[in-house]
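Enquirer: Hey, dropping my_file.pdb in here, PDB, C-alpha atoms and all ligand atoms:
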ATOM      1  CA  MET V   1       0.000   0.000   0.000
ATOM      2  CA  ASN V   2       1.268   3.451  -0.903
ATOM      3  CA  SER V   3       1.058   5.259   2.453
ATOM      4  CA  PHE V   4       2.717   8.474   3.419
ATOM      5  CA  VAL V   5       2.938  11.076   6.117
ATOM      6  CA  LEU V   6       2.005  14.699   5.476
ATOM      7  CA  TYR V   7       2.338  17.570   7.905
ATOM      8  CA  ALA V   8       1.097  21.146   8.051
ATOM      9  CA  THR V   9       2.642  23.347  10.706
ATOM     10  CA  LYS V  10       3.147  26.989  11.584
ATOM     11  CA  LYS V  11       5.743  26.673  14.345
ATOM     12  CA  GLY V  12       7.107  23.138  14.114
ATOM     13  CA  SER V  13       5.224  20.922  16.613
ATOM     14  CA  SER V  14       3.389  18.911  13.970
ATOM     15  CA  GLU V  15       6.650  18.398  12.115
ATOM     16  CA  ILE V  16       8.272  16.860  15.208
ATOM     17  CA  TYR V  17       5.476  14.282  15.538
ATOM     18  CA  ALA V  18       5.259  13.606  11.783
ATOM     19  CA  LYS V  19       9.020  13.042  11.469
ATOM     20  CA  GLU V  20       9.067  10.597  14.346
ATOM     21  CA  PHE V  21       6.014   8.703  13.066
ATOM     22  CA  ALA V  22       7.435   8.456   9.528
ATOM     23  CA  ARG V  23      10.787   7.268  10.897
ATOM     24  CA  LYS V  24       9.204   4.573  13.044
ATOM     25  CA  LYS V  25       6.904   3.288  10.304
ATOM     26  CA  ASN V  26       9.340   3.813   7.491
ATOM     27  CA  TYR V  27       6.845   5.915   5.516
ATOM     28  CA  ARG V  28       7.671   8.745   3.184
ATOM     29  CA  LEU V  29       7.408  12.173   4.828
ATOM     30  CA  LEU V  30       6.313  15.337   3.068
ATOM     31  CA  LYS V  31       5.615  18.849   4.191
ATOM     32  CA  ARG V  32       2.171  19.970   3.020
ATOM     33  CA  GLU V  33       3.569  22.637   0.726
ATOM     34  CA  GLN V  34       6.006  20.180  -0.885
ATOM     35  CA  ALA V  35       3.510  17.437  -1.713
ATOM     36  CA  SER V  36       2.424  17.523  -5.335
ATOM     37  CA  THR V  37      -1.125  16.845  -6.467
ATOM     38  CA  GLU V  38       0.213  13.598  -8.018
ATOM     39  CA  ASP V  39       1.807  12.499  -4.714
ATOM     40  CA  ILE V  40      -1.462  13.019  -2.918
ATOM     41  CA  ALA V  41      -3.874  11.681  -5.532
ATOM     42  CA  GLY V  42      -1.667   8.595  -6.039
ATOM     43  CA  SER V  43      -1.599   7.528  -2.413
ATOM     44  CA  ASP V  44      -3.846   4.910  -0.806
ATOM     45  CA  LYS V  45      -3.487   6.140   2.740
ATOM     46  CA  ILE V  46      -2.365   9.431   4.267
ATOM     47  CA  TYR V  47      -1.327  10.111   7.851
ATOM     48  CA  TYR V  48      -1.910  13.835   8.272
ATOM     49  CA  PHE V  49      -0.325  15.761  11.150
ATOM     50  CA  GLY V  50      -1.830  19.248  11.286
ATOM     51  CA  SER V  51      -1.605  22.018  13.846
ATOM     52  CA  VAL V  52      -4.794  23.351  15.396
ATOM     53  CA  TYR V  53      -5.540  27.057  15.294
ATOM     54  CA  ALA V  54      -8.937  28.335  16.474
ATOM     55  CA  GLY V  55     -10.358  24.815  16.513
ATOM     56  CA  LYS V  56      -9.352  23.981  12.954
ATOM     57  CA  VAL V  57      -6.609  21.792  11.547
ATOM     58  CA  LEU V  58      -4.381  23.616   9.057
ATOM     59  CA  GLY V  59      -4.795  22.770   5.394
ATOM     60  CA  LEU V  60      -7.583  20.176   5.467
ATOM     61  CA  GLU V  61      -9.894  21.847   2.940
ATOM     62  CA  LYS V  62      -7.087  21.998   0.422
ATOM     63  CA  LEU V  63      -6.268  18.353   1.046
ATOM     64  CA  LYS V  64      -9.885  17.391   0.377
ATOM     65  CA  ARG V  65      -9.709  18.832  -3.122
ATOM     66  CA  GLU V  66      -6.674  16.713  -3.946
ATOM     67  CA  PHE V  67      -7.510  13.590  -1.964
ATOM     68  CA  PRO V  68     -11.220  12.825  -2.105
ATOM     69  CA  ASN V  69     -10.325   9.278  -0.987
ATOM     70  CA  ASN V  70     -11.256   9.074   2.681
ATOM     71  CA  ASN V  71      -8.478   6.745   3.754
ATOM     72  CA  LEU V  72      -7.000   9.239   6.113
ATOM     73  CA  THR V  73      -5.846   9.434   9.703
ATOM     74  CA  VAL V  74      -5.735  12.980  11.029
ATOM     75  CA  PHE V  75      -3.520  13.862  13.993
ATOM     76  CA  PRO V  76      -4.626  17.301  15.198
ATOM     77  CA  VAL V  77      -1.752  18.836  17.179
ATOM     78  CA  GLY V  78      -3.029  21.370  19.712
ATOM     79  CA  LEU V  79      -2.816  22.266  23.372
ATOM     80  CA  SER V  80      -6.161  20.787  24.426
ATOM     81  CA  SER V  81      -5.848  17.562  26.396
ATOM     82  CA  ASN V  82      -8.157  14.556  26.599
ATOM     83  CA  ASN V  83      -9.799  16.259  29.596
ATOM     84  CA  ASP V  84     -10.918  19.160  27.408
ATOM     85  CA  GLN V  85     -13.772  17.227  25.829
ATOM     86  CA  GLU V  86     -15.615  20.245  24.421
ATOM     87  CA  LYS V  87     -12.484  21.574  22.761
ATOM     88  CA  LEU V  88     -11.701  18.178  21.256
ATOM     89  CA  ALA V  89     -15.285  17.832  20.045
ATOM     90  CA  GLU V  90     -15.005  21.183  18.244
ATOM     91  CA  ILE V  91     -11.797  20.086  16.502
ATOM     92  CA  GLN V  92     -13.359  16.738  15.659
ATOM     93  CA  ASP V  93     -16.521  18.320  14.208
ATOM     94  CA  ASN V  94     -14.426  20.594  12.030
ATOM     95  CA  ILE V  95     -12.397  17.649  10.709
ATOM     96  CA  MET V  96     -15.506  15.552  10.108
ATOM     97  CA  SER V  97     -17.159  18.350   8.154
ATOM     98  CA  VAL V  98     -14.348  17.913   5.624
ATOM     99  CA  PHE V  99     -13.442  14.212   5.976
ATOM    100  CA  PRO V 100     -16.430  12.461   7.576
ATOM    101  CA  GLN V 101     -14.752   9.070   7.750
ATOM    102  CA  ALA V 102     -11.307  10.093   8.921
ATOM    103  CA  GLU V 103      -9.773   8.404  11.925
ATOM    104  CA  ILE V 104      -8.797  11.119  14.438
ATOM    105  CA  ILE V 105      -6.013  10.897  17.018
ATOM    106  CA  HIS V 106      -5.402  14.003  19.145
ATOM    107  CA  LEU V 107      -1.877  15.009  20.085
ATOM    108  CA  ARG V 108      -0.566  17.823  22.290
ATOM    109  CA  GLY V 109       1.904  20.369  20.981
ATOM    110  CA  ARG V 110       3.818  23.277  22.422
ATOM    111  CA  LEU V 111       3.746  27.047  22.486
ATOM    112  CA  ILE V 112       6.808  29.287  22.436
ATOM    113  CA  LYS V 113       5.924  32.942  22.941
ATOM    114  CA  GLU V 114       8.923  34.156  20.944
ATOM    115  CA  GLN V 115       7.670  32.347  17.829
ATOM    116  CA  LEU V 116       4.269  34.062  17.865
ATOM    117  CA  SER V 117       3.141  36.982  15.765
ATOM    118  CA  LEU V 118       1.813  40.056  17.533
ATOM    119  CA  PRO V 119      -1.880  39.164  16.980
ATOM    120  CA  GLU V 120      -1.203  35.607  18.232
ATOM    121  CA  LYS V 121       0.509  37.008  21.338
ATOM    122  CA  LEU V 122      -2.533  39.194  21.983
ATOM    123  CA  ILE V 123      -4.895  36.231  21.653
ATOM    124  CA  ILE V 124      -2.987  34.080  24.134
ATOM    125  CA  LYS V 125      -2.672  37.026  26.537
ATOM    126  CA  MET V 126      -6.449  37.465  26.459
ATOM    127  CA  ILE V 127      -7.033  33.750  27.053
ATOM    128  CA  SER V 128      -4.549  33.736  29.918
ATOM    129  CA  LYS V 129      -6.146  36.797  31.511
ATOM    130  CA  ALA V 130      -9.613  35.208  31.370
ATOM    131  CA  SER V 131      -8.248  31.907  32.679
ATOM    132  CA  LYS V 132      -6.578  33.580  35.671
ATOM    133  CA  LYS V 133     -10.022  34.724  36.829
ATOM    134  CA  LYS V 134     -11.276  31.128  37.002
ATOM    135  CA  ALA V 135     -10.961  28.784  39.956
ATOM    136  CA  THR V 136      -8.234  26.165  39.343
ATOM    137  CA  GLU V 137     -10.744  23.334  39.118
ATOM    138  CA  ASP V 138     -12.692  25.166  36.392
ATOM    139  CA  LYS V 139      -9.699  25.732  34.129
ATOM    140  CA  LEU V 140      -9.296  23.641  31.013
ATOM    141  CA  ASP V 141      -5.899  22.053  30.391
ATOM    142  CA  ILE V 142      -5.476  24.239  27.305
ATOM    143  CA  GLU V 143      -6.036  27.319  29.478
ATOM    144  CA  LYS V 144      -3.480  26.145  32.039
ATOM    145  CA  ALA V 145      -0.977  25.535  29.232
ATOM    146  CA  ILE V 146      -1.583  28.981  27.737
ATOM    147  CA  GLU V 147      -1.191  30.633  31.150
ATOM    148  CA  GLN V 148       2.144  28.838  31.485
ATOM    149  CA  ALA V 149       3.294  30.048  28.060
ATOM    150  CA  VAL V 150       2.335  33.630  28.878
ATOM    151  CA  ASP V 151       3.963  33.571  32.330
ATOM    152  CA  ASN V 152       7.099  31.519  31.564
ATOM    153  CA  GLY V 153       7.619  32.127  27.849
ATOM    154  CA  SER V 154       6.826  28.579  26.732
ATOM    155  CA  VAL V 155       4.941  25.376  27.397
ATOM    156  CA  ASP V 156       5.849  21.997  25.940
ATOM    157  CA  CYS V 157       3.306  19.165  25.961
ATOM    158  CA  ILE V 158       4.888  17.173  23.133
ATOM    159  CA  ASP V 159       4.945  13.489  24.027
ATOM    160  CA  LEU V 160       6.429  11.301  21.311
ATOM    161  CA  ALA V 161       5.811   8.193  23.423
ATOM    162  CA  VAL V 162       2.108   8.480  22.487
ATOM    163  CA  LEU V 163       3.076   7.399  18.963
ATOM    164  CA  GLU V 164       4.201   4.006  20.299
ATOM    165  CA  ASP V 165       0.577   2.943  20.725
ATOM    166  CA  ILE V 166      -0.466   3.822  17.197
ATOM    167  CA  HIS V 167      -0.522   0.952  14.719
TER     168      HIS V 167
HETATM  169  C1  LIG V 201      -3.511  31.877  18.060
HETATM  170  C2  LIG V 201      -3.514  30.467  18.532
HETATM  171  C3  LIG V 201      -4.692  29.709  18.502
HETATM  172  C4  LIG V 201      -4.698  28.380  18.952
HETATM  173  N1  LIG V 201      -5.874  27.690  18.949
HETATM  174  C5  LIG V 201      -5.895  26.427  19.465
HETATM  175  C6  LIG V 201      -7.122  25.698  19.518
HETATM  176  O1  LIG V 201      -8.178  26.144  19.092
HETATM  177  N2  LIG V 201      -7.099  24.450  20.060
HETATM  178  C7  LIG V 201      -5.941  23.881  20.533
HETATM  179  O2  LIG V 201      -5.978  22.751  21.027
HETATM  180  N3  LIG V 201      -4.752  24.541  20.469
HETATM  181  C8  LIG V 201      -4.711  25.793  19.939
HETATM  182  N4  LIG V 201      -3.528  26.483  19.874
HETATM  183  C9  LIG V 201      -2.279  25.815  20.293
HETATM  184  C10 LIG V 201      -1.520  25.255  19.070
HETATM  185  O3  LIG V 201      -2.319  24.297  18.424
HETATM  186  C11 LIG V 201      -0.213  24.593  19.540
HETATM  187  O4  LIG V 201       0.649  25.619  19.956
HETATM  188  C12 LIG V 201       0.419  23.732  18.456
HETATM  189  O5  LIG V 201       1.474  22.981  19.021
HETATM  190  C13 LIG V 201       0.929  24.565  17.291
HETATM  191  O6  LIG V 201       1.426  23.726  16.284
HETATM  192  P1  LIG V 201       2.671  24.111  15.344
HETATM  193  O7  LIG V 201       3.858  24.352  16.271
HETATM  194  O8  LIG V 201       2.884  22.886  14.503
HETATM  195  O9  LIG V 201       2.288  25.306  14.557
HETATM  196  C14 LIG V 201      -3.501  27.793  19.426
HETATM  197  C15 LIG V 201      -2.311  28.545  19.446
HETATM  198  C16 LIG V 201      -2.305  29.868  19.005
HETATM  199  C17 LIG V 201      -1.011  30.652  19.047
END
As structure tokens - that is how I would like this structure written.
Expert:
Amino acid sequence: MNSFVLYATKKGSSEIYAKEFARKKNYRLLKREQASTEDIAGSDKIYYFGSVYAGKVLGLEKLKREFPNNNLTVFPVGLSSNNDQEKLAEIQDNIMSVFPQAEIIHLRGRLIKEQLSLPEKLIIKMISKASKKKATEDKLDIEKAIEQAVDNGSVDCIDLAVLEDIH
């Protein structure tokens, strides 16, 4: 079967996971922008690692135009954890509106304040400010992570060991 790994990233987290997964499985690895229409249309199965911004995985709509085949596993890389069910459901709904049959496996990424654009910095500052007003037990894991990035400059939730369990 002609399987390969594609990744779409802004700041590198999805690339770290995609590289490790491709290495382990011995699959070809391509950055989204480098994959040709022929590469994509000619594949039987794609493992897609895409960063999450505002609940959406980067680049999925474009992928749909080139790969109407639904044999796809999507790995959304974001800061929400498995405890943040509503956040994960939002990401999942957005993926399923494009690829209804995709398998979805959530992964956690990282946030480095220095890498962010000014508007992105403002967004995370606002989220952190709102989160600080909440009682600890009411905070989502994504909010705790964002607070940490704002206060300490970065937060790293990347866990490559999670890939061990994926077959
Ligand atoms: C402006 C902004 C919006 C984000 N929105 C979400 C989100 O909706 N859900 C989520 O889980 N993570 C969100 N994140 C966290 C990113 O998904 C996380 O930092 C991820 O590791 C980025 O991937 P990349 O390094 O491959 O670009 C957001 C981060 C920023 C800066």
Enquirer: Do you know which residues lie at most 10 Å from (-1.9, 16.4, -7.1), with coordinates as in the file and only C-alpha atoms counted, and could you write them as a PyMOL selection string?
Expert: chain V and resi 35-42+63+65-67
Enquirer: List every residue of chain V that has an atom at most 8 Å from any atom of ligand LIG 201 (chain V), giving for each one its closest atom pair and the distance in Å to one decimal, counting only C-alpha atoms and all ligand atoms, sorted by chain and then by ascending residue number, as a tab-separated table.
Expert:
residue	atom	partner	partner_atom	distance
V:Ala8	CA	V:LIG201	O8	6.9
V:Thr9	CA	V:LIG201	O8	3.8
V:Lys10	CA	V:LIG201	O9	3.5
V:Lys11	CA	V:LIG201	O7	3.6
V:Gly12	CA	V:LIG201	O7	4.1
V:Ser13	CA	V:LIG201	O7	3.7
V:Ser14	CA	V:LIG201	O8	4.0
V:Glu15	CA	V:LIG201	O8	6.3
V:Gly50	CA	V:LIG201	O8	6.8
V:Ser51	CA	V:LIG201	O6	4.2
V:Val52	CA	V:LIG201	O3	4.0
V:Tyr53	CA	V:LIG201	N1	3.7
V:Ala54	CA	V:LIG201	O1	3.5
V:Gly55	CA	V:LIG201	O1	3.6
V:Lys56	CA	V:LIG201	O1	6.6
V:Val77	CA	V:LIG201	C12	5.5
V:Gly78	CA	V:LIG201	O3	3.3
V:Leu79	CA	V:LIG201	O2	4.0
V:Ser80	CA	V:LIG201	O2	3.9
V:Ser81	CA	V:LIG201	O2	7.5
V:Lys87	CA	V:LIG201	N2	6.7
V:Leu88	CA	V:LIG201	O2	7.3
V:Ile91	CA	V:LIG201	N2	7.3
V:Arg108	CA	V:LIG201	O5	6.4
V:Gly109	CA	V:LIG201	O5	3.3
V:Arg110	CA	V:LIG201	O5	4.1
V:Leu111	CA	V:LIG201	O4	4.2
V:Ile112	CA	V:LIG201	O4	7.6
V:Leu116	CA	V:LIG201	C17	6.4
V:Pro119	CA	V:LIG201	C1	7.5
V:Glu120	CA	V:LIG201	C1	4.4
V:Lys121	CA	V:LIG201	C17	6.9
V:Ile123	CA	V:LIG201	C1	5.8
V:Ile124	CA	V:LIG201	C17	6.4
V:Ile142	CA	V:LIG201	O2	6.5
V:Ile158	CA	V:LIG201	O5	7.9
Enquirer: Could the residues in this selection be saved with C-alpha atoms as a CSV table (one decimal), in the frame of the given file?
Expert:
chain,number,residue,atom,x,y,z
V,8,ALA,CA,1.1,21.1,8.1
V,9,THR,CA,2.6,23.3,10.7
V,10,LYS,CA,3.1,27.0,11.6
V,11,LYS,CA,5.7,26.7,14.3
V,12,GLY,CA,7.1,23.1,14.1
V,13,SER,CA,5.2,20.9,16.6
V,14,SER,CA,3.4,18.9,14.0
V,15,GLU,CA,6.6,18.4,12.1
V,50,GLY,CA,-1.8,19.2,11.3
V,51,SER,CA,-1.6,22.0,13.8
V,52,VAL,CA,-4.8,23.4,15.4
V,53,TYR,CA,-5.5,27.1,15.3
V,54,ALA,CA,-8.9,28.3,16.5
V,55,GLY,CA,-10.4,24.8,16.5
V,56,LYS,CA,-9.4,24.0,13.0
V,77,VAL,CA,-1.8,18.8,17.2
V,78,GLY,CA,-3.0,21.4,19.7
V,79,LEU,CA,-2.8,22.3,23.4
V,80,SER,CA,-6.2,20.8,24.4
V,81,SER,CA,-5.8,17.6,26.4
V,87,LYS,CA,-12.5,21.6,22.8
V,88,LEU,CA,-11.7,18.2,21.3
V,91,ILE,CA,-11.8,20.1,16.5
V,108,ARG,CA,-0.6,17.8,22.3
V,109,GLY,CA,1.9,20.4,21.0
V,110,ARG,CA,3.8,23.3,22.4
V,111,LEU,CA,3.7,27.0,22.5
V,112,ILE,CA,6.8,29.3,22.4
V,116,LEU,CA,4.3,34.1,17.9
V,119,PRO,CA,-1.9,39.2,17.0
V,120,GLU,CA,-1.2,35.6,18.2
V,121,LYS,CA,0.5,37.0,21.3
V,123,ILE,CA,-4.9,36.2,21.7
V,124,ILE,CA,-3.0,34.1,24.1
V,142,ILE,CA,-5.5,24.2,27.3
V,158,ILE,CA,4.9,17.2,23.1
Enquirer: What's the 12 Å shell around V:Lys129, counting all atoms listed in the file, without same-chain residues fewer than 2 positions away, as a list in words?
Expert: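 Surrounding residues, per the criterion: Leu122, Ile123, Ile124, Lys125, Met126, Ile127, Ser131, Lys132, Lys133, Lys134, Lys139, Glu143, Lys144, Ile146, Glu147, Gln148, Val150 and Asp151 of chain V.
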Enquirer: Using the chain letters and residue numbers of this document, give as a list in words the residues selected by the PyMOL selection byres (((chain V and resi 21) around 10) and not hetatm).
Expert: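 Checked against the file, the PyMOL selection byres (((chain V and resi 21) around 10) and not hetatm) matches Val5, Glu15, Ile16, Tyr17, Ala18, Lys19, Glu20, Ala22, Arg23, Lys24, Lys25, Asn26, Tyr27, Leu29, Tyr47, Phe49, Leu160, Leu163, Glu164 and Ile166 of chain V.
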Enquirer: Which residues would end up in the selection if the PyMOL selection byres (((chain V and resi 74) around 8) and not hetatm) were applied here, given that I need the answer as a PyMOL selection string?
Expert: chain V and resi 47-50+72-73+75-76+102-105
Enquirer: Between atom CA of V:Leu30 and atom CA of V:Leu6, measure the distance and give it in Å to one decimal.
Expert: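 Computed distance, atom CA of V:Leu30 to atom CA of V:Leu6, equals 5.0 Å.
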Enquirer: Pick out the closest residue to V:Asp141 from this set: V:Asp165, V:Glu33, V:Glu114, V:Asp84. Count all atoms listed in the file.
Expert: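 Checking each candidate against V:Asp141, we get V:Asp84 as the closest.
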Enquirer: Which distance in Å separates atom CA of V:Arg28 and atom CA of V:Gln115, to one decimal?
Expert: 27.8 Å
Enquirer: Just how far from atom CA of V:Leu60 is atom CA of V:Phe99, in Å to one decimal?
Expert: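 Separating atom CA of V:Phe99 from atom CA of V:Leu60 is a distance of 8.4 Å.
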Enquirer: Kindly provide, as AutoDock Vina command-line options, the centre and edge lengths (Å, one decimal) of an axis-aligned box around all atoms of stretch 59-78 of chain V given in the file, with 6 Å on each side.
Expert:
--center_x -6.5 --center_y 14.8 --center_z 7.9 --size_x 21.5 --size_y 28.0 --size_z 35.7
Enquirer: May I ask which of the residues V:Asn83, V:Ser3, V:Asn152, V:Gln92 is the closest one to V:Lys45, counting only C-alpha atoms?
Expert: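 Among V:Asn83, V:Ser3, V:Asn152, V:Gln92, it is V:Ser3 that comes nearest to V:Lys45.
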Enquirer: I'd like the neighbourhood of V:Val98 as an MDAnalysis selection string, where a residue qualifies if any of its atoms comes within 9 Å (using only C-alpha atoms), though same-chain residues fewer than 5 positions away should be ignored.
Expert: chainID V and resid 60:61 64 93
Enquirer: Kindly export the residues of the current selection with C-alpha atoms, as a compact mmCIF listing (two decimals), in the frame of the given file.
Expert:
# COMPACT_ATOMS: atom_id res chain seq x y z
CA LEU V 60 -7.58 20.18 5.47
CA GLU V 61 -9.89 21.85 2.94
CA LYS V 64 -9.88 17.39 0.38
CA ASP V 93 -16.52 18.32 14.21
Enquirer: Given the choices V:Leu107, V:Asn82, V:Ile46, V:Val57, which gets closest to V:Cys157 if the distance is worked out from only C-alpha atoms?
Expert: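 Looking only at the distances to V:Cys157, the closest residue turns out to be V:Leu107.
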